[in-house]
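Engineer: Here you go, this is structure_37.txt (compact mmCIF, C-alpha atoms).
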```txt
# COMPACT_ATOMS: atom_id res chain seq x y z
CA MET A 1 0.00 0.00 0.00
CA GLU A 2 1.59 3.26 -1.17
CA LYS A 3 1.06 6.42 0.88
CA LYS A 4 0.41 9.40 -1.40
CA GLU A 5 -0.60 13.06 -1.07
CA GLN A 6 -2.16 14.58 2.02
CA LEU A 7 -5.91 15.04 1.60
CA TYR A 8 -6.76 16.76 4.86
CA GLU A 9 -5.26 17.94 8.13
CA GLY A 10 -7.33 18.39 11.25
CA LYS A 11 -6.53 19.32 14.83
CA ALA A 12 -5.32 15.84 15.81
CA LYS A 13 -4.85 13.86 12.59
CA GLN A 14 -3.73 13.94 8.98
CA VAL A 15 -5.39 11.97 6.18
CA PHE A 16 -3.43 10.70 3.18
CA ALA A 17 -4.47 9.17 -0.12
CA THR A 18 -3.21 5.75 -1.17
CA ASP A 19 -2.80 4.01 -4.50
CA ASP A 20 -6.29 2.55 -3.91
CA PRO A 21 -8.98 5.24 -4.40
CA ASN A 22 -11.20 3.53 -1.81
CA LEU A 23 -8.59 3.54 0.98
CA ILE A 24 -6.88 6.23 3.04
CA ILE A 25 -4.16 6.36 5.69
CA MET A 26 -4.95 8.19 8.91
CA HIS A 27 -1.95 9.61 10.82
CA TYR A 28 -2.27 10.55 14.52
CA LYS A 29 -0.46 13.69 15.72
CA ASP A 30 0.68 14.77 19.18
CA ASP A 31 -1.13 18.11 18.80
CA ALA A 32 -3.78 18.93 21.39
CA THR A 33 -6.39 21.68 21.17
CA ALA A 34 -9.26 22.83 23.35
CA TYR A 35 -11.96 25.51 23.33
CA ASN A 36 -12.29 25.50 19.52
CA GLY A 37 -8.54 25.74 19.00
CA ILE A 38 -7.88 28.61 21.41
CA LYS A 39 -5.71 26.44 23.66
CA LYS A 40 -2.96 24.49 21.91
CA ALA A 41 -0.07 22.26 22.97
CA GLN A 42 1.84 19.11 22.13
CA ILE A 43 1.34 16.09 24.38
CA LYS A 44 4.12 13.51 24.44
CA ASP A 45 3.16 10.27 22.66
CA LYS A 46 -0.52 11.27 22.37
CA GLY A 47 -0.70 10.28 18.73
CA GLU A 48 0.76 6.85 19.34
CA LEU A 49 -1.48 6.23 22.35
CA ASN A 50 -4.66 7.35 20.60
CA ASN A 51 -3.79 5.14 17.63
CA LYS A 52 -3.34 2.12 19.92
CA ILE A 53 -6.47 2.87 21.95
CA THR A 54 -8.61 3.37 18.83
CA THR A 55 -7.25 0.14 17.36
CA ILE A 56 -8.40 -1.83 20.41
CA ILE A 57 -11.80 -0.13 20.57
CA TYR A 58 -12.58 -0.33 16.86
CA SER A 59 -11.52 -3.98 16.73
CA TYR A 60 -13.83 -4.70 19.67
CA LEU A 61 -16.74 -2.85 18.07
CA ALA A 62 -16.24 -4.59 14.72
CA LYS A 63 -16.27 -8.00 16.44
CA ASN A 64 -19.61 -7.00 17.93
CA GLY A 65 -21.22 -6.08 14.63
CA ILE A 66 -20.55 -2.34 14.36
CA PRO A 67 -19.55 -1.27 10.83
CA THR A 68 -16.48 1.00 10.87
CA HIS A 69 -14.03 2.57 8.45
CA TYR A 70 -11.09 0.85 10.21
CA ILE A 71 -9.20 -1.87 8.33
CA LYS A 72 -5.88 -2.34 10.10
CA THR A 73 -3.13 -0.56 12.01
CA LEU A 74 -0.02 0.03 9.91
CA ASN A 75 2.44 1.34 12.49
CA GLU A 76 2.61 3.28 15.76
CA ARG A 77 0.84 6.33 14.33
CA GLU A 78 -1.08 5.19 11.25
CA GLU A 79 -4.16 3.20 10.33
CA LEU A 80 -5.45 2.01 6.98
CA CYS A 81 -9.13 2.91 6.64
CA LYS A 82 -11.93 2.92 4.10
CA LYS A 83 -12.36 6.26 2.40
CA VAL A 84 -15.69 7.73 3.47
CA LYS A 85 -17.62 10.92 3.02
CA ILE A 86 -17.91 12.26 6.55
CA PHE A 87 -21.25 13.62 7.72
CA PRO A 88 -20.56 17.16 9.01
CA LEU A 89 -21.95 16.15 12.40
CA GLU A 90 -20.60 15.15 15.79
CA VAL A 91 -22.86 12.84 17.75
CA ILE A 92 -22.43 13.36 21.49
CA VAL A 93 -23.55 10.69 23.96
CA ARG A 94 -23.92 11.67 27.63
CA ASN A 95 -24.29 8.90 30.21
CA TYR A 96 -23.41 11.41 32.92
CA ILE A 97 -23.61 15.20 32.84
CA ALA A 98 -20.24 16.93 32.54
CA GLY A 99 -18.38 19.63 30.64
CA SER A 100 -20.38 22.04 28.52
CA MET A 101 -23.78 20.57 29.45
CA SER A 102 -23.01 20.95 33.14
CA LYS A 103 -22.19 24.63 32.60
CA ARG A 104 -24.97 25.30 30.11
CA LEU A 105 -27.75 23.95 32.33
CA ASP A 106 -26.14 24.56 35.74
CA ILE A 107 -26.23 20.89 36.71
CA PRO A 108 -23.46 19.51 38.95
CA GLU A 109 -20.81 17.61 37.04
CA GLY A 110 -21.11 13.88 37.52
CA THR A 111 -24.91 13.88 37.80
CA LYS A 112 -26.38 10.73 36.26
CA PRO A 113 -29.60 11.54 34.37
CA SER A 114 -32.52 9.11 34.17
CA ASN A 115 -31.99 8.85 30.42
CA VAL A 116 -29.05 8.71 28.02
CA ILE A 117 -28.69 12.10 26.33
CA TYR A 118 -27.90 12.37 22.61
CA GLU A 119 -26.78 15.66 21.06
CA LEU A 120 -25.72 16.81 17.59
CA CYS A 121 -23.11 19.41 16.73
CA TYR A 122 -22.76 20.87 13.25
CA LYS A 123 -19.10 20.56 12.25
CA ASN A 124 -18.32 24.05 11.04
CA ASP A 125 -15.21 25.78 12.40
CA ALA A 126 -16.40 29.24 11.34
CA LEU A 127 -19.56 28.81 13.42
CA GLY A 128 -17.81 27.15 16.36
CA ASP A 129 -19.44 23.72 15.82
CA PRO A 130 -22.86 24.79 17.16
CA LEU A 131 -25.28 22.49 18.95
CA ILE A 132 -28.21 21.68 16.63
CA ASN A 133 -31.23 19.39 16.52
CA ASP A 134 -32.28 16.74 14.01
CA HIS A 135 -34.36 19.18 11.97
CA HIS A 136 -31.48 21.64 11.72
CA ALA A 137 -29.22 18.82 10.52
CA VAL A 138 -31.60 17.96 7.71
CA ALA A 139 -32.28 21.62 6.86
CA VAL A 140 -28.58 22.45 6.37
CA GLY A 141 -28.11 19.36 4.20
CA ALA A 142 -25.86 17.50 6.64
CA CYS A 143 -27.97 14.34 6.37
CA THR A 144 -31.48 13.00 5.84
CA TYR A 145 -33.92 11.74 8.45
CA GLU A 146 -33.23 8.23 7.14
CA ASP A 147 -29.49 8.77 7.72
CA LEU A 148 -30.19 9.96 11.25
CA ALA A 149 -32.23 6.85 12.02
CA VAL A 150 -29.25 4.67 11.09
CA ILE A 151 -26.79 6.92 12.94
CA TYR A 152 -28.83 6.91 16.15
CA ASP A 153 -29.35 3.14 16.00
CA LEU A 154 -25.62 2.55 15.64
CA THR A 155 -24.83 5.13 18.33
CA LYS A 156 -27.06 3.40 20.89
CA LYS A 157 -25.40 0.06 20.17
CA ILE A 158 -21.93 1.61 20.36
CA ASN A 159 -22.73 3.23 23.71
CA LEU A 160 -23.86 -0.05 25.30
CA LEU A 161 -20.78 -1.86 24.00
CA LEU A 162 -18.41 0.87 25.21
CA ILE A 163 -20.03 1.04 28.66
CA ASP A 164 -19.39 -2.69 29.06
CA LEU A 165 -15.85 -2.46 27.71
CA PHE A 166 -14.78 0.36 30.01
CA LYS A 167 -16.61 -1.05 33.02
CA SER A 168 -14.57 -4.24 32.64
CA VAL A 169 -11.38 -2.22 33.20
CA GLY A 170 -12.71 -0.07 36.04
CA ILE A 171 -13.58 3.01 33.98
CA ILE A 172 -16.79 5.05 33.91
CA LEU A 173 -17.76 6.15 30.40
CA VAL A 174 -19.07 9.62 31.23
CA ASP A 175 -19.62 10.88 27.69
CA PHE A 176 -18.10 10.70 24.22
CA LYS A 177 -18.43 12.09 20.72
CA ILE A 178 -18.29 10.12 17.48
CA GLU A 179 -18.53 10.75 13.76
CA PHE A 180 -19.97 8.76 10.89
CA GLY A 181 -19.24 8.55 7.19
CA ARG A 182 -20.67 6.96 4.06
CA THR A 183 -18.56 4.51 2.09
CA ASN A 184 -18.43 4.48 -1.68
CA ASP A 185 -21.00 1.68 -1.71
CA GLY A 186 -23.40 3.72 0.42
CA GLU A 187 -22.96 2.09 3.84
CA ILE A 188 -23.01 4.35 6.91
CA VAL A 189 -20.08 3.47 9.17
CA LEU A 190 -18.40 4.72 12.33
CA ALA A 191 -15.36 6.84 11.42
CA ASP A 192 -12.60 8.96 12.96
CA GLU A 193 -11.42 7.80 16.43
CA ILE A 194 -12.52 6.89 19.95
CA SER A 195 -9.91 7.82 22.51
CA PRO A 196 -9.34 9.99 25.61
CA ASP A 197 -9.40 12.91 23.14
CA THR A 198 -13.04 12.19 22.32
CA ALA A 199 -14.41 10.64 25.52
CA ARG A 200 -14.58 11.51 29.21
CA LEU A 201 -13.22 8.56 31.14
CA TRP A 202 -13.19 8.50 34.93
CA ASP A 203 -11.64 5.94 37.23
CA GLU A 204 -14.49 3.95 38.77
CA LYS A 205 -13.15 4.17 42.35
CA THR A 206 -11.39 7.54 42.55
CA HIS A 207 -13.25 9.44 39.78
CA ASP A 208 -9.84 10.67 38.59
CA LYS A 209 -10.13 12.08 35.08
CA LEU A 210 -8.19 9.99 32.55
CA ASP A 211 -8.94 12.00 29.42
CA LYS A 212 -8.48 15.31 27.62
CA ASP A 213 -10.02 17.24 30.52
CA ARG A 214 -6.60 16.97 32.15
CA PHE A 215 -5.34 19.21 29.32
CA ARG A 216 -8.40 21.46 29.15
CA ARG A 217 -8.35 22.14 32.89
CA ASP A 218 -4.58 22.22 33.44
CA LEU A 219 -4.68 19.18 35.74
CA GLY A 220 -1.30 17.89 34.56
CA HIS A 221 -0.18 14.30 33.86
CA VAL A 222 -2.05 14.23 30.54
CA SER A 223 0.19 11.70 28.81
CA GLU A 224 0.14 9.49 31.90
CA ALA A 225 -3.67 9.45 31.88
CA TYR A 226 -3.76 8.36 28.23
CA GLN A 227 -1.14 5.72 29.00
CA GLU A 228 -3.29 4.40 31.87
CA ILE A 229 -6.29 3.99 29.56
CA TYR A 230 -4.17 2.15 27.02
CA ALA A 231 -2.58 -0.09 29.64
CA ARG A 232 -5.95 -1.18 30.99
CA LEU A 233 -7.40 -1.87 27.53
CA GLU A 234 -4.23 -3.64 26.40
CA ARG A 235 -4.44 -6.09 29.33
CA LEU A 236 -8.04 -6.82 28.41
CA ALA A 237 -7.22 -7.32 24.73
CA ALA A 238 -4.23 -9.59 25.43
```
Render the structure in this file as C-alpha cells.
Structural biologist:
Amino acid sequence: MEKKEQLYEGKAKQVFATDDPNLIIMHYKDDATAYNGIKKAQIKDKGELNNKITTIIYSYLAKNGIPTHYIKTLNEREELCKKVKIFPLEVIVRNYIAGSMSKRLDIPEGTKPSNVIYELCYKNDALGDPLINDHHAVAVGACTYEDLAVIYDLTKKINLLLIDLFKSVGIILVDFKIEFGRTNDGEIVLADEISPDTARLWDEKTHDKLDKDRFRRDLGHVSEAYQEIYARLERLAA
C-alpha cells in the first residue's frame, strides 16, 4: 500500500491518499487543542497512544457487529481505513452530565440523568461547531432523516458496548463524541477515532479524570492518563 498526497489535516490527525482510491491512511499527531482551537499544545506520545487505543476499541466494536471505516493498524501512528464521506456532524452521547452541558444547564458535574442524552453538533469551524437538533441537521443538508435513524441506532449500540468495555477495566464512560461517514457503496459506518481525546473517562473508584479534561483544565499528567487507559485496555485485549 503506497502512501500518497495529504488530503486533509485536522486538529489531531492527517489523512493521506493511497494508490487505492477507496482507501486512506490516517496519521495521529501529538497536537492537542481545546476551546475551539484557542488552547494548543503538544502532548508527548498522544498520537501513538490514541492510535493504539482506537485500534483496540474499533476492533472490539467490529467484532460486535458495528460497521467502521477501520481496516488495520499500519504502524505506531497510522491506520489504513476505508475512504468515506464524513457527515458534518458530531454525535455526542452523555451517560453522565459533565463539561459544557453541566455549565450550560447549571447541573453539577457527575450527575447521572434518568436517560441517556444524545446531542448533535454541526461541524463548522467558522460557526464554532454549534449544537443543533435533528431538523437543523436535515435543513442544512448534513444528512437525511433516514441517515439519522441509522446513525442513532448505531450510536445506541456503540454506547452499550463501550459502557461494558470500560466497566470491565474499572472506567466510567461519562460521555463521548463520534462521527460517521458513508462509504463508496453507500454504507453508513463509524469513522474517525474513539480515545481519551473524544471521551470523558473516569476511574471507577477515585473518579480521577483519565482523558483530555486533564489538558483542558490544566490538571497535569495528561500523557500518563492516556497511558493508563491504554494499559488497561491492552491487558483486556491480550
Engineer: Return the single residue from A:Lys85, A:Ile92, A:Gln6, A:Ile107 that is closest to A:Ala142, with distances computed using all atoms listed in the file.
Structural biologist: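 Closest to A:Ala142 of all the choices is A:Lys85.
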Engineer: Of the candidates A:Asn95, A:Asn50, A:Thr155, A:Thr198, which one gets nearest to A:Glu228 if we count all atoms listed in the file?
Structural biologist: A:Asn50
Engineer: Just the number, please: distance in Å from atom CA of A:Ala225 to atom CA of A:Gly10, one decimal.
Structural biologist: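 Atom-to-atom, atom CA of A:Ala225 and atom CA of A:Gly10 are spaced 22.8 Å apart.
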Engineer: Using 10 Å as the limit and counting all atoms listed in the file, can you tabulate each residue of stretch 17-123 of chain A that touches stretch 131-141 of chain A, with its shortest atom-to-atom distance in Å and the two atoms involved, as a Markdown table?
Structural biologist:
```
| residue | atom | partner | partner_atom | distance |
| --- | --- | --- | --- | --- |
| A:Phe87 | CA | A:Gly141 | CA | 9.6 |
| A:Pro88 | CA | A:Ala137 | CA | 8.9 |
| A:Leu89 | CA | A:Ala137 | CA | 8.0 |
| A:Glu90 | CA | A:Leu131 | CA | 9.3 |
| A:Ile92 | CA | A:Leu131 | CA | 9.9 |
| A:Tyr118 | CA | A:Asn133 | CA | 9.9 |
| A:Glu119 | CA | A:Leu131 | CA | 7.3 |
| A:Leu120 | CA | A:Ile132 | CA | 5.6 |
| A:Cys121 | CA | A:Leu131 | CA | 4.4 |
| A:Tyr122 | CA | A:Leu131 | CA | 6.4 |
| A:Lys123 | CA | A:Leu131 | CA | 9.3 |
```
Engineer: Can you work out which one of A:Tyr152, A:Asp192, A:His207, A:Ile97 has the shortest atom-to-atom distance to A:Val15, counting all atoms listed in the file?
Structural biologist: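 Among the listed residues, the smallest separation from A:Val15 belongs to A:Asp192.
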Engineer: Work out how far apart atom CA of A:Leu61 and atom CA of A:Leu233 are and give it in Å to one decimal.
Structural biologist: 13.3 Å
Engineer: May I ask which of the residues A:Asn22, A:Ser223, A:Ser114, A:Gln14 is the closest one to A:Met1, counting only C-alpha atoms?
Structural biologist: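 Among A:Asn22, A:Ser223, A:Ser114, A:Gln14, it is A:Asn22 that comes nearest to A:Met1.
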Engineer: What gap, in Å, lies between atom CA of A:Ile194 and atom CA of A:Arg182?
Structural biologist: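 Atom CA of A:Arg182 lies 17.9 Å from atom CA of A:Ile194.
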Engineer: Check the smallest atom-to-atom distance from each of A:Leu127, A:Ile71, A:Ile57, A:Met101 to A:Ile158 using all atoms listed in the file, then report the winner.
Structural biologist: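 Checking each candidate against A:Ile158, we get A:Ile57 as the closest.
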Engineer: May I have the residues within 9 Å of A:Val84 as a list of chain:residue names, using all atoms listed in the file and disregarding those fewer than 2 positions away in the same chain?
Structural biologist: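 Contacts, with the query itself left out: A:Asn22, A:Leu23, A:Ile24, A:His69, A:Cys81, A:Lys82, A:Ile86, A:Phe180, A:Gly181, A:Arg182, A:Thr183, A:Asn184, A:Ile188, A:Val189, A:Ala191.
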Engineer: Next, write the just-selected residues to a file, as a short mmCIF file (atom, residue, chain, number, x, y, z; two decimals), in the frame of the given file, keeping C-alpha atoms as the atom set.
Structural biologist:
```
data_model
loop_
_atom_site.label_atom_id
_atom_site.label_comp_id
_atom_site.auth_asym_id
_atom_site.auth_seq_id
_atom_site.Cartn_x
_atom_site.Cartn_y
_atom_site.Cartn_z
CA ASN A 22 -11.20 3.53 -1.81
CA LEU A 23 -8.59 3.54 0.98
CA ILE A 24 -6.88 6.23 3.04
CA HIS A 69 -14.03 2.57 8.45
CA CYS A 81 -9.13 2.91 6.64
CA LYS A 82 -11.93 2.92 4.10
CA ILE A 86 -17.91 12.26 6.55
CA PHE A 180 -19.97 8.76 10.89
CA GLY A 181 -19.24 8.55 7.19
CA ARG A 182 -20.67 6.96 4.06
CA THR A 183 -18.56 4.51 2.09
CA ASN A 184 -18.43 4.48 -1.68
CA ILE A 188 -23.01 4.35 6.91
CA VAL A 189 -20.08 3.47 9.17
CA ALA A 191 -15.36 6.84 11.42
#
```
Engineer: Counting only C-alpha atoms, which residues come within 7 Å of (-7.3, 10.2, 23.6), with the point read in the file's coordinates, and could you list them as a JSON list (two decimals) with C-alpha atoms, in the frame of the given file?
Structural biologist:
```json
[["chain", "number", "residue", "atom", "x", "y", "z"],
["A", 46, "LYS", "CA", -0.52, 11.27, 22.37],
["A", 50, "ASN", "CA", -4.66, 7.35, 20.60],
["A", 195, "SER", "CA", -9.91, 7.82, 22.51],
["A", 196, "PRO", "CA", -9.34, 9.99, 25.61],
["A", 197, "ASP", "CA", -9.40, 12.91, 23.14],
["A", 198, "THR", "CA", -13.04, 12.19, 22.32],
["A", 211, "ASP", "CA", -8.94, 12.00, 29.42],
["A", 212, "LYS", "CA", -8.48, 15.31, 27.62],
["A", 226, "TYR", "CA", -3.76, 8.36, 28.23]]
```
Engineer: Would you list the contacts of A:Leu236 as a VMD selection string, taking every protein, DNA or RNA residue within 10 Å and counting only C-alpha atoms, but skipping same-chain residues closer than 3 positions in sequence?
Structural biologist: chain A and resid 56 165 to 166 168 to 169 230 to 233
Engineer: Of the residues A:Arg94, A:Lys205, A:Arg216, A:Lys11, which is the one nearest to A:Ile178, using all atoms listed in the file?
Structural biologist: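 Counting all atoms listed in the file, the residue closest to A:Ile178 is A:Arg94.
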Engineer: Excluding A:Val93 and residues on its chain fewer than 2 positions from it, collect all residues at most 6 Å away from it, counting only C-alpha atoms, and give them as a PDB file with C-alpha atoms, keeping the file's coordinate frame.
Structural biologist:
```
ATOM      1  CA  ILE A 117     -28.690  12.100  26.330  1.00  0.00           C
ATOM      2  CA  TYR A 118     -27.900  12.370  22.610  1.00  0.00           C
ATOM      3  CA  ASP A 175     -19.620  10.880  27.690  1.00  0.00           C
ATOM      4  CA  PHE A 176     -18.100  10.700  24.220  1.00  0.00           C
TER       5      PHE A 176
END
```
